[in-house]
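Everything below belongs to coords14.txt, which stores compact mmCIF, C-alpha atoms.
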```txt
# COMPACT_ATOMS: atom_id res chain seq x y z
CA MET A 1 -33.58 42.18 20.30
CA SER A 2 -32.11 45.64 20.93
CA ARG A 3 -28.34 46.14 21.01
CA GLN A 4 -28.58 46.89 24.73
CA SER A 5 -30.49 43.66 25.44
CA GLU A 6 -28.06 41.71 23.28
CA LEU A 7 -25.01 43.00 25.16
CA ALA A 8 -26.67 42.32 28.53
CA LEU A 9 -27.23 38.69 27.60
CA LYS A 10 -23.64 38.26 26.47
CA THR A 11 -22.29 39.47 29.81
CA ALA A 12 -21.89 36.14 31.61
CA ILE A 13 -22.13 35.61 35.36
CA VAL A 14 -20.44 32.76 37.23
CA ALA A 15 -22.99 31.99 39.96
CA PRO A 16 -26.59 30.87 39.39
CA PRO A 17 -29.03 33.60 40.46
CA SER A 18 -31.23 31.15 42.36
CA ALA A 19 -31.61 27.46 43.02
CA PHE A 20 -32.03 25.36 39.90
CA GLU A 21 -35.41 24.11 41.02
CA GLY A 22 -38.27 25.18 43.27
CA ASP A 23 -42.03 24.77 43.54
CA ALA A 24 -42.57 27.42 40.87
CA PHE A 25 -39.53 27.02 38.60
CA LYS A 26 -37.15 24.49 37.13
CA VAL A 27 -33.97 25.19 35.16
CA VAL A 28 -32.70 22.55 32.72
CA PRO A 29 -29.38 23.54 31.10
CA HIS A 30 -28.51 22.27 27.63
CA ALA A 31 -24.78 22.13 26.96
CA GLY A 32 -23.66 24.22 24.01
CA SER A 33 -26.96 26.03 23.50
CA LYS A 34 -26.98 29.82 23.17
CA GLN A 35 -30.75 29.98 23.55
CA LEU A 36 -32.97 30.08 26.64
CA ALA A 37 -36.53 28.84 26.17
CA ILE A 38 -38.88 29.84 29.00
CA PHE A 39 -42.13 27.88 29.32
CA MET A 40 -44.94 29.37 31.41
CA SER A 41 -47.63 27.04 32.74
CA ALA A 42 -51.39 27.49 32.61
CA SER A 43 -53.80 28.01 35.50
CA GLY A 44 -54.20 25.10 37.87
CA ALA A 45 -50.57 23.97 37.68
CA LYS A 46 -49.63 22.66 41.11
CA PRO A 47 -46.33 23.44 42.86
CA GLY A 48 -43.55 21.43 41.24
CA SER A 49 -45.65 20.68 38.15
CA PHE A 50 -45.00 22.35 34.79
CA ASN A 51 -46.53 22.42 31.32
CA PHE A 52 -44.61 21.63 28.10
CA VAL A 53 -42.02 19.39 29.83
CA ASP A 54 -42.40 16.39 27.51
CA ALA A 55 -42.38 18.43 24.32
CA ALA A 56 -39.56 20.70 25.49
CA ASP A 57 -37.32 17.71 26.25
CA GLU A 58 -36.93 17.31 22.49
CA LEU A 59 -35.69 20.87 21.99
CA PRO A 60 -31.95 21.73 21.80
CA ALA A 61 -32.13 24.72 24.15
CA ASN A 62 -31.66 25.68 27.77
CA ARG A 63 -35.09 25.36 29.33
CA LEU A 64 -36.67 27.22 32.23
CA PHE A 65 -40.13 26.09 33.32
CA LEU A 66 -42.39 28.34 35.37
CA ASN A 67 -45.69 28.06 37.19
CA ASN A 68 -47.43 30.54 39.45
CA GLY A 69 -46.67 28.70 42.67
CA GLY A 70 -50.05 26.99 42.77
CA ARG A 71 -51.91 30.32 42.65
CA ASN A 72 -53.85 31.62 39.68
CA GLU A 73 -52.47 35.16 39.60
CA TRP A 74 -51.75 35.33 35.87
CA TYR A 75 -48.13 36.01 36.90
CA GLN A 76 -49.08 39.53 38.00
CA GLY A 77 -47.21 39.16 41.28
CA GLY A 78 -44.04 37.55 39.99
CA VAL A 79 -42.90 33.93 40.32
CA PRO A 80 -42.27 32.57 43.84
CA GLY A 81 -38.58 31.91 44.35
CA LEU A 82 -37.56 34.19 41.50
CA GLY A 83 -39.15 37.50 42.43
CA ASP A 84 -41.85 39.10 44.56
CA ASP A 85 -43.16 41.10 41.62
CA VAL A 86 -42.85 41.29 37.85
CA ASP A 87 -39.73 43.48 37.85
CA GLN A 88 -37.80 41.30 40.30
CA THR A 89 -38.74 38.18 38.37
CA LEU A 90 -37.67 39.76 35.08
CA HIS A 91 -34.32 40.60 36.64
CA THR A 92 -33.79 37.02 37.84
CA LEU A 93 -34.79 35.60 34.47
CA SER A 94 -32.31 37.88 32.71
CA LEU A 95 -29.60 36.75 35.16
CA TRP A 96 -30.41 33.12 34.36
CA ALA A 97 -30.03 33.89 30.66
CA ARG A 98 -26.60 35.38 31.34
CA TYR A 99 -25.55 32.49 33.58
CA LEU A 100 -26.54 29.96 30.90
CA GLY A 101 -24.72 31.92 28.21
CA ALA A 102 -27.89 32.55 26.24
CA GLU A 103 -27.73 35.04 23.41
CA GLU A 104 -31.45 34.76 22.69
CA ILE A 105 -34.56 34.26 24.81
CA VAL A 106 -37.85 32.82 23.61
CA VAL A 107 -40.93 32.56 25.82
CA VAL A 108 -43.81 30.11 25.31
CA GLY A 109 -47.00 29.94 27.36
CA GLN A 110 -50.48 28.43 27.48
CA GLY A 111 -53.62 30.10 28.87
CA MET A 112 -52.63 31.97 32.01
CA GLY A 113 -49.04 31.24 31.02
CA ALA A 114 -49.66 32.77 27.59
CA HIS A 115 -50.62 36.03 29.29
CA GLY A 116 -47.41 35.68 31.30
CA ALA A 117 -45.39 34.91 28.17
CA ILE A 118 -46.47 38.20 26.60
CA LEU A 119 -46.07 40.20 29.82
CA TYR A 120 -42.57 38.89 30.56
CA GLY A 121 -41.33 38.01 27.08
CA THR A 122 -41.88 41.45 25.59
CA GLN A 123 -39.92 43.03 28.45
CA LEU A 124 -37.08 40.53 28.05
CA GLY A 125 -36.68 41.35 24.37
CA ALA A 126 -37.78 37.81 23.55
CA ARG A 127 -39.73 36.24 20.75
CA VAL A 128 -43.08 35.12 22.17
CA LEU A 129 -45.38 32.22 21.31
CA ALA A 130 -48.64 32.47 23.26
CA PHE A 131 -51.34 29.80 23.07
CA SER A 132 -54.82 31.02 24.07
CA PRO A 133 -53.97 34.17 26.02
CA GLU A 134 -56.38 36.64 27.54
CA THR A 135 -54.61 39.82 26.49
CA THR A 136 -57.12 41.73 28.62
CA LEU A 137 -57.83 40.31 32.07
CA LYS A 138 -61.12 40.09 33.92
CA LEU A 139 -63.40 40.37 30.90
CA PRO A 140 -66.95 39.24 31.77
CA ALA A 141 -67.31 35.44 31.64
CA SER A 142 -63.57 34.94 31.16
CA ARG A 143 -61.32 32.39 32.82
CA SER A 144 -59.41 35.11 34.62
CA GLU A 145 -62.66 36.51 36.04
CA ARG A 146 -63.67 33.04 37.21
CA LEU A 147 -60.35 31.55 38.31
CA MET A 148 -58.05 34.37 39.39
CA ALA A 149 -57.19 34.40 43.08
CA PRO A 150 -59.37 37.05 44.79
CA ASP A 151 -56.34 38.77 46.32
CA ALA A 152 -54.19 38.62 43.19
CA PRO A 153 -52.54 41.93 42.30
CA ILE A 154 -53.63 43.18 38.89
CA ARG A 155 -50.91 45.53 37.72
CA HIS A 156 -51.00 44.82 33.99
CA GLN A 157 -54.61 44.16 33.00
CA ASN A 158 -54.16 44.95 29.31
CA LEU A 159 -51.13 43.78 27.33
CA HIS A 160 -51.62 45.83 24.18
CA GLY A 161 -48.99 48.37 25.22
CA PHE A 162 -46.42 45.62 25.77
CA VAL A 163 -47.13 44.16 22.33
CA ARG A 164 -46.91 47.58 20.73
CA ALA A 165 -43.51 48.25 22.34
CA ALA A 166 -42.10 44.76 21.74
CA GLU A 167 -38.67 44.36 20.17
CA GLN A 168 -39.59 40.98 18.69
CA PRO A 169 -42.75 39.47 17.16
CA VAL A 170 -45.52 38.26 19.45
CA THR A 171 -47.20 35.20 17.93
CA VAL A 172 -50.60 34.25 19.31
CA ILE A 173 -52.54 31.08 18.48
CA ALA A 174 -56.19 30.88 19.57
CA GLY A 175 -58.80 28.17 19.19
CA GLU A 176 -61.94 29.10 17.28
CA ARG A 177 -64.09 27.27 19.85
CA ASP A 178 -63.06 29.66 22.64
CA PRO A 179 -65.08 32.89 22.42
CA VAL A 180 -63.09 34.89 25.00
CA GLU A 181 -59.68 34.20 23.52
CA LEU A 182 -60.91 34.68 19.96
CA TYR A 183 -62.37 38.03 21.02
CA CYS A 184 -59.09 39.03 22.68
CA MET A 185 -57.24 38.19 19.48
CA SER A 186 -59.65 40.27 17.42
CA LEU A 187 -58.82 43.31 19.58
CA ALA A 188 -55.08 42.85 19.05
CA THR A 189 -54.80 41.99 15.36
CA ALA A 190 -54.05 45.57 14.29
CA LEU A 191 -51.19 46.01 16.77
CA PRO A 192 -47.64 46.24 15.41
CA ASN A 193 -45.50 43.16 16.15
CA PHE A 194 -48.64 41.02 16.57
CA GLN A 195 -48.97 37.81 14.56
CA GLY A 196 -52.26 35.96 15.04
CA ARG A 197 -53.42 32.54 13.98
CA THR A 198 -56.63 30.63 14.72
CA LEU A 199 -57.33 26.89 14.70
CA ARG A 200 -60.64 25.31 13.72
CA ARG A 201 -62.24 22.64 15.91
CA VAL A 202 -59.94 23.56 18.80
CA GLY A 203 -60.79 25.17 22.13
CA HIS A 204 -58.65 26.46 24.97
CA ASP A 205 -55.98 23.78 25.49
CA ILE A 206 -54.18 24.00 22.17
CA PRO A 207 -50.82 22.48 23.23
CA ALA A 208 -52.50 19.29 24.50
CA TYR A 209 -54.54 19.07 21.30
CA LEU A 210 -51.43 19.48 19.12
CA HIS A 211 -49.26 17.22 21.26
CA GLY A 212 -51.83 14.42 21.04
CA ARG A 213 -51.52 14.62 17.26
CA ARG A 214 -47.71 14.89 17.25
CA LEU A 215 -47.87 18.44 15.96
CA LEU A 216 -46.59 20.39 18.97
CA VAL A 217 -42.91 19.44 18.86
CA PRO A 218 -42.43 20.33 15.15
CA LEU A 219 -44.19 23.65 15.79
CA LEU A 220 -41.95 24.43 18.78
CA GLN A 221 -38.85 23.36 16.86
CA ALA A 222 -39.71 25.77 14.06
CA PHE A 223 -40.42 28.57 16.52
CA LEU A 224 -37.13 28.15 18.38
CA ALA A 225 -35.25 28.02 15.07
CA GLY A 226 -36.83 31.30 13.98
CA GLU A 227 -38.53 29.61 11.03
CA PRO A 228 -42.13 30.13 9.88
CA LEU A 229 -44.52 27.95 11.85
CA PRO A 230 -45.63 24.93 9.81
CA PRO A 231 -49.10 25.01 8.26
CA LEU A 232 -51.71 22.90 10.01
CA GLN A 233 -54.81 21.15 8.73
CA GLN A 234 -56.67 22.94 11.54
CA ASP A 235 -55.73 26.46 10.38
CA GLY A 236 -58.88 28.56 10.55
CA ASN A 237 -60.35 31.79 9.24
CA ALA A 238 -62.91 32.82 11.87
CA LEU A 239 -61.59 36.38 12.08
CA ARG A 240 -62.25 36.88 8.37
CA HIS A 241 -65.96 36.86 9.21
CA GLU A 242 -66.44 40.52 10.07
CA GLY A 243 -67.89 41.02 13.52
CA PHE A 244 -68.00 37.30 14.29
CA ALA A 245 -65.58 37.38 17.24
CA THR A 246 -67.55 40.19 18.92
CA TYR A 247 -70.93 38.49 18.47
CA PHE A 248 -69.54 35.09 19.47
CA TYR A 249 -68.20 36.58 22.69
CA ALA A 250 -71.54 38.35 23.30
CA LEU A 251 -73.30 34.99 22.89
CA HIS A 252 -70.92 33.47 25.43
CA VAL A 253 -71.58 36.27 27.93
CA ALA A 254 -75.37 36.03 27.50
CA HIS A 255 -75.17 32.28 28.03
CA ASP A 256 -72.98 32.71 31.12
CA ARG A 257 -75.53 35.14 32.57
CA LYS A 258 -78.42 32.81 31.67
CA GLU A 259 -80.00 35.53 29.54
CA TRP A 260 -81.60 32.98 27.25
CA ASN A 261 -83.65 35.26 25.01
CA ALA A 262 -80.60 37.42 24.35
CA ALA A 263 -78.50 34.31 23.73
CA ILE A 264 -81.04 33.07 21.17
CA ARG A 265 -81.17 36.41 19.39
CA ILE A 266 -77.39 36.76 19.28
CA GLY A 267 -76.85 33.08 18.52
CA ARG A 268 -79.04 33.22 15.43
CA GLU A 269 -76.99 36.16 14.16
CA VAL A 270 -73.66 34.52 15.00
CA THR A 271 -74.48 31.30 13.17
CA LYS A 272 -75.44 33.32 10.09
CA GLN A 273 -72.09 35.12 10.19
CA ASN A 274 -70.13 31.89 10.50
CA LEU A 275 -72.05 28.74 9.67
CA TRP A 276 -69.05 26.59 10.58
CA SER A 277 -68.79 27.60 14.23
CA ASP A 278 -69.78 24.38 15.98
CA HIS A 279 -69.61 25.97 19.43
CA ALA A 280 -71.89 28.84 18.41
CA HIS A 281 -74.50 26.31 17.23
CA TYR A 282 -74.08 24.45 20.51
CA LEU A 283 -74.57 27.55 22.69
CA LEU A 284 -77.61 28.52 20.60
CA GLY A 285 -79.02 25.02 21.07
CA LEU A 286 -78.59 25.16 24.85
CA ALA A 287 -80.38 28.51 25.03
CA LEU A 288 -83.24 27.21 22.87
CA MET A 289 -83.59 24.18 25.14
CA GLN A 290 -83.87 26.47 28.15
CA GLU A 291 -86.75 28.25 26.44
CA GLY A 292 -88.44 24.96 25.51
CA ASP A 293 -87.88 25.17 21.74
CA HIS A 294 -86.56 21.66 21.29
CA ALA A 295 -87.28 21.53 17.55
CA GLU A 296 -84.97 24.44 16.72
CA ALA A 297 -82.49 23.29 19.37
CA LEU A 298 -82.36 19.91 17.64
CA ARG A 299 -81.32 21.60 14.39
CA ALA A 300 -78.61 23.57 16.22
CA PHE A 301 -77.18 20.46 17.89
CA ALA A 302 -77.36 18.50 14.64
CA LEU A 303 -75.24 21.16 12.92
CA ALA A 304 -72.77 21.28 15.80
CA ASP A 305 -72.42 17.49 15.75
CA ALA A 306 -72.03 17.41 11.96
CA ILE A 307 -69.27 20.04 12.07
CA LEU A 308 -67.41 18.49 15.00
CA PRO A 309 -68.52 14.90 15.67
CA ASP A 310 -65.97 14.24 18.42
CA GLN A 311 -67.78 16.30 21.07
CA PRO A 312 -69.94 13.97 23.20
CA ASN A 313 -72.09 16.75 24.66
CA TYR A 314 -73.19 17.86 21.19
CA ARG A 315 -74.53 14.39 20.45
CA PHE A 316 -75.99 13.92 23.92
CA ASN A 317 -78.06 17.09 23.63
CA LEU A 318 -79.16 16.08 20.14
CA ALA A 319 -80.53 12.84 21.61
CA THR A 320 -82.15 14.79 24.45
CA CYS A 321 -84.03 16.94 21.95
CA PHE A 322 -85.34 13.88 20.13
CA LYS A 323 -86.51 12.52 23.50
CA LYS A 324 -88.23 15.79 24.40
CA LEU A 325 -89.98 15.74 21.02
CA GLY A 326 -91.22 12.19 21.67
CA ASP A 327 -88.94 10.39 19.22
CA TYR A 328 -87.53 7.85 21.65
CA ASP A 329 -86.25 5.55 18.91
CA GLN A 330 -83.91 8.25 17.58
CA ALA A 331 -82.81 9.16 21.10
CA ILE A 332 -82.00 5.53 21.90
CA ALA A 333 -80.14 5.03 18.61
CA ILE A 334 -78.00 8.13 19.16
CA HIS A 335 -77.23 7.22 22.76
CA ARG A 336 -76.15 3.72 21.75
CA LYS A 337 -73.82 5.13 19.07
CA SER A 338 -72.44 7.58 21.62
CA MET A 339 -71.67 4.76 24.03
CA GLN A 340 -69.55 3.15 21.32
CA ALA A 341 -67.86 6.39 20.26
CA PHE A 342 -67.30 7.75 23.78
CA PRO A 343 -67.00 4.76 26.14
CA ARG A 344 -65.89 6.96 29.07
CA PHE A 345 -68.88 9.32 28.75
CA ALA A 346 -71.58 8.31 31.24
CA LYS A 347 -74.52 10.52 30.27
CA PRO A 348 -75.88 8.37 27.39
CA SER A 349 -76.01 5.27 29.63
CA TYR A 350 -77.78 7.20 32.36
CA ASP A 351 -80.32 8.71 29.98
CA LEU A 352 -81.00 5.33 28.38
CA SER A 353 -81.73 4.04 31.87
CA LEU A 354 -84.22 6.86 32.41
CA ILE A 355 -85.95 6.15 29.09
CA TYR A 356 -86.25 2.43 29.76
CA MET A 357 -87.45 3.09 33.30
CA GLN A 358 -90.09 5.49 32.00
CA PHE A 359 -91.64 2.68 29.97
CA GLY A 360 -91.35 -0.01 32.62
CA LEU A 361 -88.33 -1.79 31.16
CA TYR A 362 -86.71 -2.06 34.56
CA ALA A 363 -84.16 -4.78 33.78
CA LYS A 364 -82.74 -2.75 30.90
CA ALA A 365 -82.88 0.40 33.01
CA GLN A 366 -80.88 -1.37 35.70
CA THR A 367 -78.24 -2.51 33.19
CA PHE A 368 -77.61 0.97 31.83
CA ALA A 369 -77.76 2.63 35.23
CA ALA A 370 -75.00 0.27 36.34
CA LYS A 371 -72.94 1.20 33.27
CA ALA A 372 -73.20 4.91 34.09
CA ALA A 373 -72.26 4.33 37.73
CA LYS A 374 -69.27 2.22 36.70
CA ILE A 375 -67.98 5.00 34.44
CA GLU A 376 -68.46 7.66 37.14
CA PRO A 377 -68.32 5.86 40.50
CA ALA A 378 -68.10 9.16 42.41
CA ASN A 379 -71.39 10.43 40.96
CA LYS A 380 -73.87 10.24 43.86
CA GLY A 381 -76.85 10.77 41.56
CA TYR A 382 -75.94 7.74 39.48
CA ALA A 383 -75.42 5.61 42.60
CA ALA A 384 -78.83 6.64 43.98
CA HIS A 385 -80.45 5.84 40.63
CA VAL A 386 -78.94 2.34 40.67
CA LYS A 387 -80.41 1.68 44.13
CA LYS A 388 -83.81 3.02 43.08
CA ILE A 389 -84.06 0.72 40.07
CA LYS A 390 -82.69 -2.25 42.00
CA ALA A 391 -85.50 -1.82 44.53
CA ARG A 392 -88.05 -1.69 41.71
CA VAL A 393 -86.68 -4.89 40.16
CA GLN A 394 -86.60 -6.73 43.49
CA LYS A 395 -90.22 -5.80 44.18
CA GLY A 396 -91.23 -7.07 40.76
CA SER A 397 -92.91 -3.75 39.98
CA GLN A 398 -95.23 -3.77 37.01
CA PRO A 399 -95.16 -0.95 34.46
CA GLY A 400 -97.92 1.52 35.15
CA ASP A 401 -97.89 3.27 31.78
CA MET A 402 -100.25 1.44 29.41
CA SER A 403 -100.34 4.10 26.70
CA GLU A 404 -99.99 3.02 23.09
CA GLU A 405 -96.42 4.34 22.94
CA ALA A 406 -95.47 2.57 26.17
CA VAL A 407 -96.86 -0.73 24.91
CA ARG A 408 -94.98 -0.27 21.61
CA MET A 409 -91.72 0.57 23.40
CA ARG A 410 -91.97 -2.53 25.57
CA ALA A 411 -92.67 -4.66 22.51
CA VAL A 412 -89.69 -3.21 20.59
CA TYR A 413 -87.12 -2.92 23.38
CA GLY A 414 -88.27 -5.57 25.83
CA ALA A 415 -86.05 -8.50 26.72
```
Let me see the file written as structure tokens.
Amino acid sequence: MSRQSELALKTAIVAPPSAFEGDAFKVVPHAGSKQLAIFMSASGAKPGSFNFVDAADELPANRLFLNNGGRNEWYQGGVPGLGDDVDQTLHTLSLWARYLGAEEIVVVGQGMGAHGAILYGTQLGARVLAFSPETTLKLPASRSERLMAPDAPIRHQNLHGFVRAAEQPVTVIAGERDPVELYCMSLATALPNFQGRTLRRVGHDIPAYLHGRRLLVPLLQAFLAGEPLPPLQQDGNALRHEGFATYFYALHVAHDRKEWNAAIRIGREVTKQNLWSDHAHYLLGLALMQEGDHAEALRAFALADAILPDQPNYRFNLATCFKKLGDYDQAIAIHRKSMQAFPRFAKPSYDLSLIYMQFGLYAKAQTFAAKAAKIEPANKGYAAHVKKIKARVQKGSQPGDMSEEAVRMRAVYGA
């Protein structure tokens, strides 16, 4: 922090600069602390709801939680109740730091809030910890392109200048399963003051992933204390694969645009550059399925599932490829294992119902259709499927398929 910023923080004020709480902010003082930790929420946070609250409760610092007032503006238009634009909001935040007696500010954010953490934190002279930021807004096939409010003001589309001019380090953590954020990190790694870190097997919502494994609080404690962040088992090296981030993002864009031939061409190159990118294998597999190449798609999904076996869609599409290739036994076996591993995932039950129905095993089809509908009661397609099979069973319909495979399936899987 500059000497000027340091002196400004030490100049106390006696009256709070705003209410302690509003739809878009909440101030939680911590007696005796000389530090203000600002936490900026991700997109989709509703008025009065804030990210990081549970983890931050364990931190010995004054805490100020922010959201964007229920609007996905990437904090480009300020924070409702604190300022009508970025400059006004920065002024109010600095006044809060003075009121709380803070001698240091740190800013933490996730997703949209990570963009905000860099935008605001660098101008407050703060240390910044940003999880999964888009340092450039409105890139093709990005969350900001898809989710930003149509009338949101975009006054700071690129944050590189703020990082370059920062008084304190800007630490960014990105998941290696998120092509947009990994690409953004690759563009910023050479900037002064920038400290980047990637995590394997992790996508966009890094704080939730870490918090579920009791890793978030120790990481935040180290950050607030100014200590090196603890090493993690998930620490990755995707950016060491030259060109990978660019090709991975290009694969994502081609997939988003449904340019399947381009996605296949790029996907084959990407998976050569980094064999361990489960999501690249998955995107390649989806493109191959769209082009009817289920044999190569099967290999792609098998690799994705082997690298990261806790993703139900990887395994579901693997089973789908076996089904498309006529290996119903493998498809059924995989679906049944998926039902055990992912009991709240409805697709395997539904697809098992379709397989059994195809071969005239209506009672079994009805059982698994009911399972899918129970898991997702709001799914109208599942509900309609249940009614369709129920009508078949009530009519006592006989299987029409008398092919050798159909007869074998009924003999193997019949009641």
Give as a PDB file with C-alpha atoms, in the coordinates of the input every residue, naming chains and numbers as the document does, that has an atom within 10 Å of (-89.6, -4.3, 26.4), counting all atoms listed in the file.
```
ATOM      1  CA  TYR A 356     -86.250   2.430  29.760  1.00  0.00           C
ATOM      2  CA  PHE A 359     -91.640   2.680  29.970  1.00  0.00           C
ATOM      3  CA  GLY A 360     -91.350  -0.010  32.620  1.00  0.00           C
ATOM      4  CA  LEU A 361     -88.330  -1.790  31.160  1.00  0.00           C
ATOM      5  CA  TYR A 362     -86.710  -2.060  34.560  1.00  0.00           C
ATOM      6  CA  ALA A 363     -84.160  -4.780  33.780  1.00  0.00           C
ATOM      7  CA  LYS A 364     -82.740  -2.750  30.900  1.00  0.00           C
ATOM      8  CA  ALA A 406     -95.470   2.570  26.170  1.00  0.00           C
ATOM      9  CA  VAL A 407     -96.860  -0.730  24.910  1.00  0.00           C
ATOM     10  CA  ARG A 408     -94.980  -0.270  21.610  1.00  0.00           C
ATOM     11  CA  MET A 409     -91.720   0.570  23.400  1.00  0.00           C
ATOM     12  CA  ARG A 410     -91.970  -2.530  25.570  1.00  0.00           C
ATOM     13  CA  ALA A 411     -92.670  -4.660  22.510  1.00  0.00           C
ATOM     14  CA  VAL A 412     -89.690  -3.210  20.590  1.00  0.00           C
ATOM     15  CA  TYR A 413     -87.120  -2.920  23.380  1.00  0.00           C
ATOM     16  CA  GLY A 414     -88.270  -5.570  25.830  1.00  0.00           C
ATOM     17  CA  ALA A 415     -86.050  -8.500  26.720  1.00  0.00           C
TER      18      ALA A 415
END
```
* Mind checking which residues fall within 9 Å of segment 81-86 of chain A, counting all atoms listed in the file, ignoring those fewer than 2 positions away in the same chain, and posting them as number ranges by chain? => A: 17-19, 22-25, 69, 75-79, 88-93, 119-120
Go ahead and find all residues with at least one atom no further than 10 Å from (-55.5, 44.3, 31.8) in the file's coordinates, using all atoms listed in the file; report them as a CSV table (one decimal) with C-alpha atoms, in the frame of the given file.
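Output saved as out_21.csv:
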```csv
chain,number,residue,atom,x,y,z
A,115,HIS,CA,-50.6,36.0,29.3
A,134,GLU,CA,-56.4,36.6,27.5
A,135,THR,CA,-54.6,39.8,26.5
A,136,THR,CA,-57.1,41.7,28.6
A,137,LEU,CA,-57.8,40.3,32.1
A,138,LYS,CA,-61.1,40.1,33.9
A,139,LEU,CA,-63.4,40.4,30.9
A,154,ILE,CA,-53.6,43.2,38.9
A,155,ARG,CA,-50.9,45.5,37.7
A,156,HIS,CA,-51.0,44.8,34.0
A,157,GLN,CA,-54.6,44.2,33.0
A,158,ASN,CA,-54.2,45.0,29.3
A,159,LEU,CA,-51.1,43.8,27.3
A,160,HIS,CA,-51.6,45.8,24.2
```
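The gap separating atom CA of Asn67 of chain A from atom CA of Trp96 of chain A is 16.3 Å, in Å to one decimal.
Residue nearest Leu129 of chain A within the list A:Asp151, A:Pro207, A:Leu187, A:Asp54: A:Pro207 [criterion: smallest interatomic distance, all atoms listed in the file].
Comparing A:Arg146, A:Arg214, A:Arg177, A:His252 by their smallest distance to Arg201 of chain A, the closest is A:Arg177 (using all atoms listed in the file).
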